[in-house]
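S.K.: For reference, the file final.cif (mmCIF, C-alpha atoms) is included below:
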```cif
data_final
loop_
_atom_site.group_PDB
_atom_site.id
_atom_site.type_symbol
_atom_site.label_atom_id
_atom_site.label_comp_id
_atom_site.auth_asym_id
_atom_site.auth_seq_id
_atom_site.Cartn_x
_atom_site.Cartn_y
_atom_site.Cartn_z
ATOM 1 C CA MET L 1 130.730 190.169 111.656
ATOM 2 C CA THR L 2 130.786 192.431 114.715
ATOM 3 C CA VAL L 3 132.502 195.777 114.031
ATOM 4 C CA VAL L 4 134.566 196.781 117.056
ATOM 5 C CA PRO L 5 135.798 200.382 117.384
ATOM 6 C CA THR L 6 139.489 201.048 117.938
ATOM 7 C CA PHE L 7 141.413 203.380 120.216
ATOM 8 C CA ALA L 8 141.867 205.662 117.191
ATOM 9 C CA ASP L 9 138.072 205.794 116.837
ATOM 10 C CA VAL L 10 137.808 206.954 120.458
ATOM 11 C CA THR L 11 140.344 209.743 119.969
ATOM 12 C CA LYS L 12 138.510 210.841 116.815
ATOM 13 C CA ALA L 13 135.231 210.826 118.758
ATOM 14 C CA ALA L 14 136.792 213.000 121.459
ATOM 15 C CA ARG L 15 137.591 215.680 118.878
ATOM 16 C CA ARG L 16 134.136 215.452 117.293
ATOM 17 C CA ILE L 17 132.121 215.787 120.500
ATOM 18 C CA ALA L 18 134.335 218.329 122.299
ATOM 19 C CA PRO L 19 132.243 221.394 121.296
ATOM 20 C CA HIS L 20 129.026 219.782 122.537
ATOM 21 C CA VAL L 21 129.724 217.937 125.814
ATOM 22 C CA HIS L 22 131.352 218.634 129.168
ATOM 23 C CA ARG L 23 134.791 217.510 130.254
ATOM 24 C CA THR L 24 133.417 216.199 133.532
ATOM 25 C CA PRO L 25 135.278 216.666 136.820
ATOM 26 C CA VAL L 26 136.876 213.996 139.003
ATOM 27 C CA PHE L 27 136.127 213.923 142.732
ATOM 28 C CA THR L 28 137.840 212.248 145.659
ATOM 29 C CA SER L 29 136.446 211.145 149.014
ATOM 30 C CA ALA L 30 138.443 210.589 152.177
ATOM 31 C CA TYR L 31 135.494 208.564 153.485
ATOM 32 C CA LEU L 32 135.561 206.152 150.521
ATOM 33 C CA ASN L 33 139.343 205.909 150.735
ATOM 34 C CA GLU L 34 139.118 204.862 154.381
ATOM 35 C CA LEU L 35 136.218 202.514 153.775
ATOM 36 C CA SER L 36 137.940 200.679 150.911
ATOM 37 C CA GLY L 37 141.586 200.947 151.897
ATOM 38 C CA ALA L 38 142.223 202.322 148.410
ATOM 39 C CA GLU L 39 142.674 205.690 146.718
ATOM 40 C CA ILE L 40 139.383 206.371 144.947
ATOM 41 C CA PHE L 41 138.694 208.746 142.051
ATOM 42 C CA LEU L 42 135.118 209.390 140.940
ATOM 43 C CA LYS L 43 134.490 210.474 137.326
ATOM 44 C CA ALA L 44 131.282 212.502 137.600
ATOM 45 C CA GLU L 45 129.377 211.704 134.420
ATOM 46 C CA ASN L 46 126.254 212.538 136.408
ATOM 47 C CA LEU L 47 127.318 216.144 135.680
ATOM 48 C CA GLN L 48 127.512 215.507 131.930
ATOM 49 C CA LYS L 49 125.112 217.069 129.433
ATOM 50 C CA ILE L 50 121.657 215.432 129.884
ATOM 51 C CA GLY L 51 122.914 214.113 133.234
ATOM 52 C CA ALA L 52 124.678 210.997 131.947
ATOM 53 C CA PHE L 53 127.614 209.675 129.918
ATOM 54 C CA LYS L 54 125.186 208.753 127.136
ATOM 55 C CA ALA L 55 125.561 212.247 125.658
ATOM 56 C CA ARG L 56 129.025 211.258 124.463
ATOM 57 C CA GLY L 57 128.026 208.302 122.317
ATOM 58 C CA ALA L 58 124.830 209.868 121.018
ATOM 59 C CA VAL L 59 126.536 213.071 119.913
ATOM 60 C CA ASN L 60 129.349 211.151 118.229
ATOM 61 C CA ALA L 61 126.873 208.959 116.339
ATOM 62 C CA VAL L 62 124.374 211.674 115.352
ATOM 63 C CA VAL L 63 126.923 214.341 114.391
ATOM 64 C CA GLY L 64 128.715 211.671 112.358
ATOM 65 C CA LEU L 65 125.643 210.704 110.300
ATOM 66 C CA SER L 66 125.670 211.504 106.598
ATOM 67 C CA ASN L 67 123.348 214.295 105.524
ATOM 68 C CA SER L 68 121.030 211.806 103.812
ATOM 69 C CA ASP L 69 120.773 209.568 106.898
ATOM 70 C CA ALA L 70 120.266 212.562 109.178
ATOM 71 C CA ALA L 71 117.455 213.896 106.982
ATOM 72 C CA ARG L 72 115.459 210.697 107.567
ATOM 73 C CA GLY L 73 115.324 211.416 111.315
ATOM 74 C CA VAL L 74 116.754 209.237 114.064
ATOM 75 C CA ILE L 75 115.120 206.534 116.170
ATOM 76 C CA THR L 76 116.366 204.622 119.191
ATOM 77 C CA HIS L 77 115.077 202.682 122.168
ATOM 78 C CA SER L 78 115.985 203.582 125.727
ATOM 79 C CA SER L 79 114.919 203.450 129.360
ATOM 80 C CA GLY L 80 115.761 207.138 129.497
ATOM 81 C CA ASN L 81 119.355 208.349 129.454
ATOM 82 C CA HIS L 82 120.197 207.316 125.888
ATOM 83 C CA GLY L 83 116.822 208.651 124.795
ATOM 84 C CA GLN L 84 117.644 212.020 126.315
ATOM 85 C CA ALA L 85 121.064 211.914 124.688
ATOM 86 C CA ILE L 86 119.657 211.192 121.235
ATOM 87 C CA ALA L 87 117.081 213.958 121.632
ATOM 88 C CA PHE L 88 119.881 216.332 122.699
ATOM 89 C CA ALA L 89 122.152 215.300 119.810
ATOM 90 C CA CYS L 90 119.355 215.599 117.253
ATOM 91 C CA ALA L 91 118.529 219.074 118.558
ATOM 92 C CA ILE L 92 122.159 220.055 117.954
ATOM 93 C CA ARG L 93 121.867 218.853 114.380
ATOM 94 C CA GLY L 94 118.329 220.160 113.874
ATOM 95 C CA ILE L 95 116.764 216.806 112.961
ATOM 96 C CA HIS L 96 113.795 214.773 114.202
ATOM 97 C CA ALA L 97 114.179 212.185 116.985
ATOM 98 C CA THR L 98 111.877 209.349 118.096
ATOM 99 C CA VAL L 99 112.522 207.327 121.256
ATOM 100 C CA VAL L 100 110.875 203.989 122.075
ATOM 101 C CA MET L 101 110.643 203.784 125.888
ATOM 102 C CA PRO L 102 109.433 201.100 128.310
ATOM 103 C CA ASP L 103 106.127 201.657 130.098
ATOM 104 C CA HIS L 104 107.911 201.792 133.474
ATOM 105 C CA ALA L 105 110.492 204.433 132.520
ATOM 106 C CA PRO L 106 110.997 207.003 135.301
ATOM 107 C CA LYS L 107 108.963 210.163 134.835
ATOM 108 C CA VAL L 108 112.036 212.374 135.210
ATOM 109 C CA LYS L 109 113.579 210.677 132.181
ATOM 110 C CA VAL L 110 110.376 210.742 130.139
ATOM 111 C CA ASP L 111 109.990 214.461 130.819
ATOM 112 C CA ALA L 112 113.593 215.114 129.841
ATOM 113 C CA VAL L 113 113.288 213.242 126.523
ATOM 114 C CA ARG L 114 110.226 215.315 125.679
ATOM 115 C CA GLY L 115 111.973 218.451 126.892
ATOM 116 C CA TYR L 116 114.708 218.001 124.293
ATOM 117 C CA GLY L 117 112.032 217.802 121.594
ATOM 118 C CA ALA L 118 111.809 214.077 120.809
ATOM 119 C CA ASP L 119 108.661 212.066 120.204
ATOM 120 C CA ILE L 120 108.117 209.075 122.538
ATOM 121 C CA VAL L 121 106.489 205.728 121.786
ATOM 122 C CA PHE L 122 105.822 203.555 124.865
ATOM 123 C CA CYS L 123 105.752 199.757 124.968
ATOM 124 C CA PRO L 124 106.604 196.891 127.363
ATOM 125 C CA GLN L 125 110.329 196.577 128.183
ATOM 126 C CA SER L 126 110.657 193.279 126.287
ATOM 127 C CA GLU L 127 109.090 194.678 123.096
ATOM 128 C CA ARG L 128 111.274 197.754 122.582
ATOM 129 C CA GLU L 129 113.335 196.419 119.662
ATOM 130 C CA LYS L 130 110.276 194.926 117.931
ATOM 131 C CA LYS L 131 108.450 198.256 118.223
ATOM 132 C CA LEU L 132 111.504 200.126 116.940
ATOM 133 C CA GLN L 133 111.751 197.898 113.870
ATOM 134 C CA SER L 134 108.073 198.366 113.044
ATOM 135 C CA LEU L 135 108.505 202.154 113.178
ATOM 136 C CA VAL L 136 111.599 201.979 110.963
ATOM 137 C CA GLU L 137 109.659 199.951 108.395
ATOM 138 C CA THR L 138 106.908 202.579 108.413
ATOM 139 C CA HIS L 139 108.982 205.779 108.529
ATOM 140 C CA ASP L 140 112.474 204.781 107.279
ATOM 141 C CA TYR L 141 114.191 206.357 110.301
ATOM 142 C CA SER L 142 117.952 206.029 110.821
ATOM 143 C CA ILE L 143 118.709 203.829 113.851
ATOM 144 C CA VAL L 144 121.232 204.812 116.508
ATOM 145 C CA HIS L 145 121.381 201.819 118.827
ATOM 146 C CA PRO L 146 121.938 202.555 122.540
ATOM 147 C CA PHE L 147 125.076 200.396 122.739
ATOM 148 C CA ASP L 148 125.538 198.135 119.686
ATOM 149 C CA ASP L 149 126.819 200.888 117.411
ATOM 150 C CA PRO L 150 130.577 201.402 116.924
ATOM 151 C CA ALA L 151 130.183 205.186 116.901
ATOM 152 C CA VAL L 152 128.243 205.075 120.177
ATOM 153 C CA VAL L 153 130.855 202.843 121.852
ATOM 154 C CA ALA L 154 133.687 205.079 120.619
ATOM 155 C CA GLY L 155 131.894 208.098 122.059
ATOM 156 C CA GLN L 156 131.401 206.392 125.421
ATOM 157 C CA GLY L 157 135.099 205.552 125.475
ATOM 158 C CA THR L 158 135.920 209.260 125.629
ATOM 159 C CA ALA L 159 134.895 209.316 129.320
ATOM 160 C CA THR L 160 137.740 206.925 130.119
ATOM 161 C CA LEU L 161 140.103 208.744 127.756
ATOM 162 C CA GLU L 162 139.502 211.907 129.792
ATOM 163 C CA PHE L 163 139.816 210.013 133.069
ATOM 164 C CA PHE L 164 143.367 208.890 132.306
ATOM 165 C CA GLU L 165 144.269 212.427 131.224
ATOM 166 C CA GLN L 166 142.926 213.838 134.496
ATOM 167 C CA VAL L 167 144.345 211.303 136.971
ATOM 168 C CA ALA L 168 147.819 209.817 136.755
ATOM 169 C CA GLY L 169 148.516 206.306 137.921
ATOM 170 C CA ILE L 170 145.032 204.754 137.888
ATOM 171 C CA ASP L 171 145.692 201.030 138.071
ATOM 172 C CA THR L 172 142.151 199.677 137.944
ATOM 173 C CA MET L 173 138.624 200.860 137.155
ATOM 174 C CA ILE L 174 135.016 199.989 137.993
ATOM 175 C CA VAL L 175 132.395 200.769 135.348
ATOM 176 C CA PRO L 176 128.643 200.017 135.279
ATOM 177 C CA ILE L 177 127.346 197.619 132.636
ATOM 178 C CA GLY L 178 123.922 197.232 131.053
ATOM 179 C CA GLY L 179 124.274 196.818 127.300
ATOM 180 C CA GLY L 180 127.996 197.405 127.712
ATOM 181 C CA GLY L 181 128.719 200.514 125.633
ATOM 182 C CA LEU L 182 130.410 202.380 128.479
ATOM 183 C CA LEU L 183 132.375 199.380 129.750
ATOM 184 C CA SER L 184 133.520 198.235 126.303
ATOM 185 C CA GLY L 185 134.593 201.784 125.477
ATOM 186 C CA ALA L 186 136.462 201.882 128.779
ATOM 187 C CA ALA L 187 138.127 198.539 128.039
ATOM 188 C CA ILE L 188 139.347 199.756 124.631
ATOM 189 C CA VAL L 189 140.992 202.811 126.216
ATOM 190 C CA ALA L 190 142.226 201.038 129.357
ATOM 191 C CA ALA L 191 143.992 198.429 127.214
ATOM 192 C CA GLU L 192 146.327 201.209 126.062
ATOM 193 C CA HIS L 193 147.350 201.496 129.731
ATOM 194 C CA LYS L 194 147.593 197.705 130.234
ATOM 195 C CA ILE L 195 144.520 197.747 132.494
ATOM 196 C CA VAL L 196 141.430 195.518 132.433
ATOM 197 C CA PRO L 197 138.515 197.360 134.094
ATOM 198 C CA PHE L 198 135.921 195.679 136.278
ATOM 199 C CA GLY L 199 132.263 195.837 135.318
ATOM 200 C CA ALA L 200 129.537 196.260 137.926
ATOM 201 C CA GLU L 201 125.951 195.083 137.565
ATOM 202 C CA PRO L 202 122.879 194.366 139.720
ATOM 203 C CA GLU L 203 122.578 190.719 140.771
ATOM 204 C CA ILE L 204 118.951 190.640 139.659
ATOM 205 C CA VAL L 205 119.905 191.472 136.047
ATOM 206 C CA ASP L 206 123.245 189.667 135.812
ATOM 207 C CA ASP L 207 123.249 188.611 132.145
ATOM 208 C CA ALA L 208 126.654 190.228 131.536
ATOM 209 C CA TYR L 209 128.242 188.273 134.395
ATOM 210 C CA ARG L 210 126.794 184.977 133.160
ATOM 211 C CA SER L 211 127.512 185.729 129.491
ATOM 212 C CA LEU L 212 131.199 186.435 130.070
ATOM 213 C CA ARG L 213 131.512 183.532 132.523
ATOM 214 C CA ASP L 214 130.011 180.990 130.119
ATOM 215 C CA GLY L 215 131.101 182.422 126.765
ATOM 216 C CA ILE L 216 127.473 182.655 125.628
ATOM 217 C CA ARG L 217 125.639 185.937 125.044
ATOM 218 C CA TYR L 218 122.536 185.559 127.204
ATOM 219 C CA PRO L 219 119.477 187.796 126.770
ATOM 220 C CA ALA L 220 118.268 190.217 129.414
ATOM 221 C CA THR L 221 116.744 188.511 132.431
ATOM 222 C CA GLY L 222 113.453 190.359 132.126
ATOM 223 C CA GLU L 223 113.643 191.355 135.799
ATOM 224 C CA VAL L 224 113.396 194.955 136.973
ATOM 225 C CA SER L 225 116.149 196.509 139.096
ATOM 226 C CA VAL L 226 116.394 199.897 140.789
ATOM 227 C CA GLY L 227 119.238 200.322 138.308
ATOM 228 C CA ASP L 228 116.746 200.940 135.499
ATOM 229 C CA GLY L 229 119.487 201.919 133.046
ATOM 230 C CA LEU L 230 121.121 198.477 133.332
ATOM 231 C CA LEU L 231 118.229 196.188 132.363
ATOM 232 C CA THR L 232 119.265 195.455 128.769
ATOM 233 C CA GLY L 233 121.203 192.351 127.783
ATOM 234 C CA ILE L 234 124.876 192.632 126.897
ATOM 235 C CA GLY L 235 125.403 193.768 123.314
ATOM 236 C CA GLU L 236 127.388 192.073 120.553
ATOM 237 C CA ILE L 237 130.154 194.687 120.564
ATOM 238 C CA ALA L 238 130.527 194.599 124.341
ATOM 239 C CA PHE L 239 130.505 190.800 124.380
ATOM 240 C CA ALA L 240 133.295 190.700 121.784
ATOM 241 C CA VAL L 241 135.432 193.382 123.455
ATOM 242 C CA LEU L 242 134.966 192.206 127.037
ATOM 243 C CA SER L 243 135.416 188.519 126.207
ATOM 244 C CA GLN L 244 138.709 189.309 124.495
ATOM 245 C CA ALA L 245 139.842 191.457 127.424
ATOM 246 C CA GLY L 246 138.820 188.914 130.092
ATOM 247 C CA THR L 247 136.762 191.570 131.887
ATOM 248 C CA PRO L 248 135.492 190.504 135.345
ATOM 249 C CA ILE L 249 131.968 191.517 136.385
ATOM 250 C CA LEU L 250 131.094 192.283 140.013
ATOM 251 C CA ARG L 251 127.468 191.779 141.090
ATOM 252 C CA VAL L 252 125.729 193.820 143.772
ATOM 253 C CA SER L 253 122.369 193.686 145.520
ATOM 254 C CA GLU L 254 119.523 196.170 145.251
ATOM 255 C CA ALA L 255 120.106 197.256 148.866
ATOM 256 C CA GLU L 256 123.816 197.815 148.196
ATOM 257 C CA ILE L 257 123.018 199.999 145.172
ATOM 258 C CA LEU L 258 120.643 202.176 147.171
ATOM 259 C CA GLU L 259 123.137 202.478 150.016
ATOM 260 C CA ALA L 260 125.846 203.549 147.574
ATOM 261 C CA MET L 261 123.528 206.165 146.088
ATOM 262 C CA ARG L 262 122.784 207.576 149.527
ATOM 263 C CA MET L 263 126.443 207.417 150.552
ATOM 264 C CA LEU L 264 127.440 209.461 147.524
ATOM 265 C CA ALA L 265 124.787 212.058 148.288
ATOM 266 C CA GLU L 266 125.737 212.329 151.957
ATOM 267 C CA ARG L 267 129.524 212.106 151.682
ATOM 268 C CA THR L 268 130.316 213.726 148.323
ATOM 269 C CA LYS L 269 127.143 215.793 147.779
ATOM 270 C CA LEU L 270 126.771 214.199 144.337
ATOM 271 C CA VAL L 271 123.301 213.201 143.122
ATOM 272 C CA VAL L 272 123.786 209.859 141.371
ATOM 273 C CA GLU L 273 121.046 207.585 140.062
ATOM 274 C CA PRO L 274 121.055 203.904 141.116
ATOM 275 C CA SER L 275 122.502 202.756 137.772
ATOM 276 C CA GLY L 276 125.330 205.234 138.220
ATOM 277 C CA ALA L 277 126.056 204.124 141.776
ATOM 278 C CA VAL L 278 126.661 200.418 141.075
ATOM 279 C CA GLY L 279 130.413 200.996 140.757
ATOM 280 C CA VAL L 280 130.602 202.402 144.272
ATOM 281 C CA ALA L 281 128.374 199.574 145.522
ATOM 282 C CA ALA L 282 130.850 197.091 144.035
ATOM 283 C CA LEU L 283 133.803 198.976 145.503
ATOM 284 C CA VAL L 284 132.310 198.698 148.988
ATOM 285 C CA ARG L 285 131.202 195.063 148.685
ATOM 286 C CA TYR L 286 134.505 193.860 147.209
ATOM 287 C CA ALA L 287 136.794 196.297 149.043
ATOM 288 C CA ALA L 288 139.447 193.646 149.688
ATOM 289 C CA ARG L 289 140.078 193.370 145.922
ATOM 290 C CA PHE L 290 140.922 197.061 145.686
ATOM 291 C CA SER L 291 142.864 197.688 148.889
ATOM 292 C CA GLY L 292 146.067 199.637 148.272
ATOM 293 C CA ARG L 293 145.175 200.505 144.668
ATOM 294 C CA ARG L 294 144.336 203.688 142.754
ATOM 295 C CA VAL L 295 140.802 203.028 141.590
ATOM 296 C CA GLY L 296 138.835 204.993 138.990
ATOM 297 C CA VAL L 297 135.058 204.670 139.306
ATOM 298 C CA ILE L 298 132.707 206.085 136.680
ATOM 299 C CA LEU L 299 129.483 207.538 138.093
ATOM 300 C CA SER L 300 127.504 207.062 134.904
ATOM 301 C CA GLY L 301 124.419 209.213 135.501
ATOM 302 C CA GLY L 302 122.387 211.372 137.845
ATOM 303 C CA ASN L 303 118.847 211.372 136.480
ATOM 304 C CA ILE L 304 116.683 210.425 139.433
ATOM 305 C CA GLU L 305 113.439 211.638 140.912
ATOM 306 C CA LEU L 306 114.495 213.196 144.207
ATOM 307 C CA SER L 307 111.579 211.566 146.035
ATOM 308 C CA ARG L 308 113.380 208.243 145.596
ATOM 309 C CA PHE L 309 115.959 209.264 148.190
ATOM 310 C CA SER L 310 113.247 209.010 150.842
ATOM 311 C CA ASP L 311 110.862 206.374 149.518
ATOM 312 C CA GLY L 312 113.370 203.535 149.181
ATOM 313 C CA CYS L 313 113.125 203.596 145.359
#
```
Have the structure of the file written as structure tokens, please.

M.R.:
Amino acid sequence: MTVVPTFADVTKAARRIAPHVHRTPVFTSAYLNELSGAEIFLKAENLQKIGAFKARGAVNAVVGLSNSDAARGVITHSSGNHGQAIAFACAIRGIHATVVMPDHAPKVKVDAVRGYGADIVFCPQSEREKKLQSLVETHDYSIVHPFDDPAVVAGQGTATLEFFEQVAGIDTMIVPIGGGGLLSGAAIVAAEHKIVPFGAEPEIVDDAYRSLRDGIRYPATGEVSVGDGLLTGIGEIAFAVLSQAGTPILRVSEAEILEAMRMLAERTKLVVEPSGAVGVAALVRYAARFSGRRVGVILSGGNIELSRFSDGC
């Protein structure tokens, strides 16, 4: 049976992680307001510890481990941001971390995972979970899953909890989705405000859209998007939460993601990675849906090699 965190779990997570993570700022943009016909608020999780929202869930999960589980060391798999977050959280607790990463992971993320002191094991994208399990069998590590862990989802929900504390009257949200930890956490909190957030995902890796449309949890497509943090299939927790909430998913093209990333850099001076810019890409593409509303958009991360601004990713 899938264990789904509650709103109370999110508020508990907020207290647990408060000494270790940033309360990230919210930005506005007159340009985006005019472009969309809406009032837009940008939650800058690209300015979070390790450069992404993932610090929230990782810290909540790792700090919450029992002493015996922590002593075994922690393992996870990640394209980068969750790996950095686990390495960061394990450093706080003074325990060993191992991260299984895909061969194509961006160098900036690989370097950051190593910089926080974790060991890295590389493998093809499709073999990450198999490789993780083999390492657990050998070393008896404690697993902290990137999104299918109630403590991780509760931690990710704290970004939305903060958002509603910082901005009054938000009446809809747009949140990126890969495995769905951030969006399901957002949905749990938003439900307390009678709001169903929109998810945003690249068209080329649209398993979440198809899964929620058809009521079947499809695997990852196996394709590679510029949104490298959104390649994983939707998780069990996210599927349960988002199916119950009736969460709509908005799909965007690769070109729209890159344009949103550049727009954010030029207009707001915020460095946002492609995965973190999908919400703004969806806002622009589907502007008519949001006209006249107060829209909260989570910019989920900012870990990008700066050369990608000029080389077309």

S.K.: Select, from L:Ala38, L:Ala151, L:Val113, L:Ala8, the residue with the minimum atom-to-atom distance to Ala287 in chain L, counting only C-alpha atoms.

M.R.: L:Ala38

S.K.: Which residues match the PyMOL selection byres ((chain L and resi 94) around 12) in the file above, as a short mmCIF file (atom, residue, chain, number, x, y, z; two decimals) with C-alpha atoms, in the coordinates of the input?

M.R.:
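Saved as out.cif:
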```cif
data_model
loop_
_atom_site.label_atom_id
_atom_site.label_comp_id
_atom_site.auth_asym_id
_atom_site.auth_seq_id
_atom_site.Cartn_x
_atom_site.Cartn_y
_atom_site.Cartn_z
CA VAL L 62 124.37 211.67 115.35
CA VAL L 63 126.92 214.34 114.39
CA ASN L 67 123.35 214.30 105.52
CA ALA L 70 120.27 212.56 109.18
CA ALA L 71 117.46 213.90 106.98
CA ARG L 72 115.46 210.70 107.57
CA GLY L 73 115.32 211.42 111.32
CA VAL L 74 116.75 209.24 114.06
CA ILE L 86 119.66 211.19 121.24
CA ALA L 87 117.08 213.96 121.63
CA PHE L 88 119.88 216.33 122.70
CA ALA L 89 122.15 215.30 119.81
CA CYS L 90 119.36 215.60 117.25
CA ALA L 91 118.53 219.07 118.56
CA ILE L 92 122.16 220.06 117.95
CA ARG L 93 121.87 218.85 114.38
CA ILE L 95 116.76 216.81 112.96
CA HIS L 96 113.80 214.77 114.20
CA ALA L 97 114.18 212.18 116.98
CA TYR L 116 114.71 218.00 124.29
CA GLY L 117 112.03 217.80 121.59
CA ALA L 118 111.81 214.08 120.81
#
```

S.K.: Quick one: pull the distance between CA of Glu129 in chain L and CA of Ile143 in chain L, Å, one decimal.

M.R.: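 CA of Ile143 in chain L lies 10.8 Å from CA of Glu129 in chain L.
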
S.K.: Nearest to Met101 in chain L among L:Val121, L:Ala30, L:Leu183, L:Ile257, with distances taken over only C-alpha atoms: which residue is it?

M.R.: L:Val121

S.K.: Can you turn the PyMOL selection byres ((chain L and resi 167-179) around 7) into a concrete residue list for this file, as a compact mmCIF listing (two decimals) with C-alpha atoms, in the coordinates of the input?

M.R.:
```
# COMPACT_ATOMS: atom_id res chain seq x y z
CA PHE L 147 125.08 200.40 122.74
CA PHE L 163 139.82 210.01 133.07
CA PHE L 164 143.37 208.89 132.31
CA GLU L 165 144.27 212.43 131.22
CA GLN L 166 142.93 213.84 134.50
CA GLY L 180 128.00 197.40 127.71
CA GLY L 181 128.72 200.51 125.63
CA LEU L 183 132.38 199.38 129.75
CA ILE L 195 144.52 197.75 132.49
CA VAL L 196 141.43 195.52 132.43
CA PRO L 197 138.51 197.36 134.09
CA PHE L 198 135.92 195.68 136.28
CA GLY L 199 132.26 195.84 135.32
CA ALA L 200 129.54 196.26 137.93
CA GLU L 201 125.95 195.08 137.56
CA GLY L 229 119.49 201.92 133.05
CA LEU L 230 121.12 198.48 133.33
CA LEU L 231 118.23 196.19 132.36
CA THR L 232 119.26 195.46 128.77
CA GLY L 233 121.20 192.35 127.78
CA ILE L 234 124.88 192.63 126.90
CA GLY L 235 125.40 193.77 123.31
CA GLY L 276 125.33 205.23 138.22
CA VAL L 278 126.66 200.42 141.07
CA GLY L 279 130.41 201.00 140.76
CA ARG L 293 145.18 200.50 144.67
CA ARG L 294 144.34 203.69 142.75
CA VAL L 295 140.80 203.03 141.59
CA GLY L 296 138.84 204.99 138.99
CA VAL L 297 135.06 204.67 139.31
CA ILE L 298 132.71 206.08 136.68
```

S.K.: To test your reading of the syntax: which residues would the PyMOL selection byres ((chain L and resi 104) around 8) return for the file shown? Reply as a PyMOL selection string.

M.R.: chain L and resi 102-103+105-106+124-125

S.K.: Residues within 6 Å of Val152 in chain L, please, as a ChimeraX atom specification. Count all atoms listed in the file; anything in the same chain fewer than 4 positions from it doesn't count.

M.R.: /L:57-58,61

S.K.: In Å, how far is it from CA of Ser78 in chain L to CA of Pro248 in chain L?

M.R.: 25.4 Å
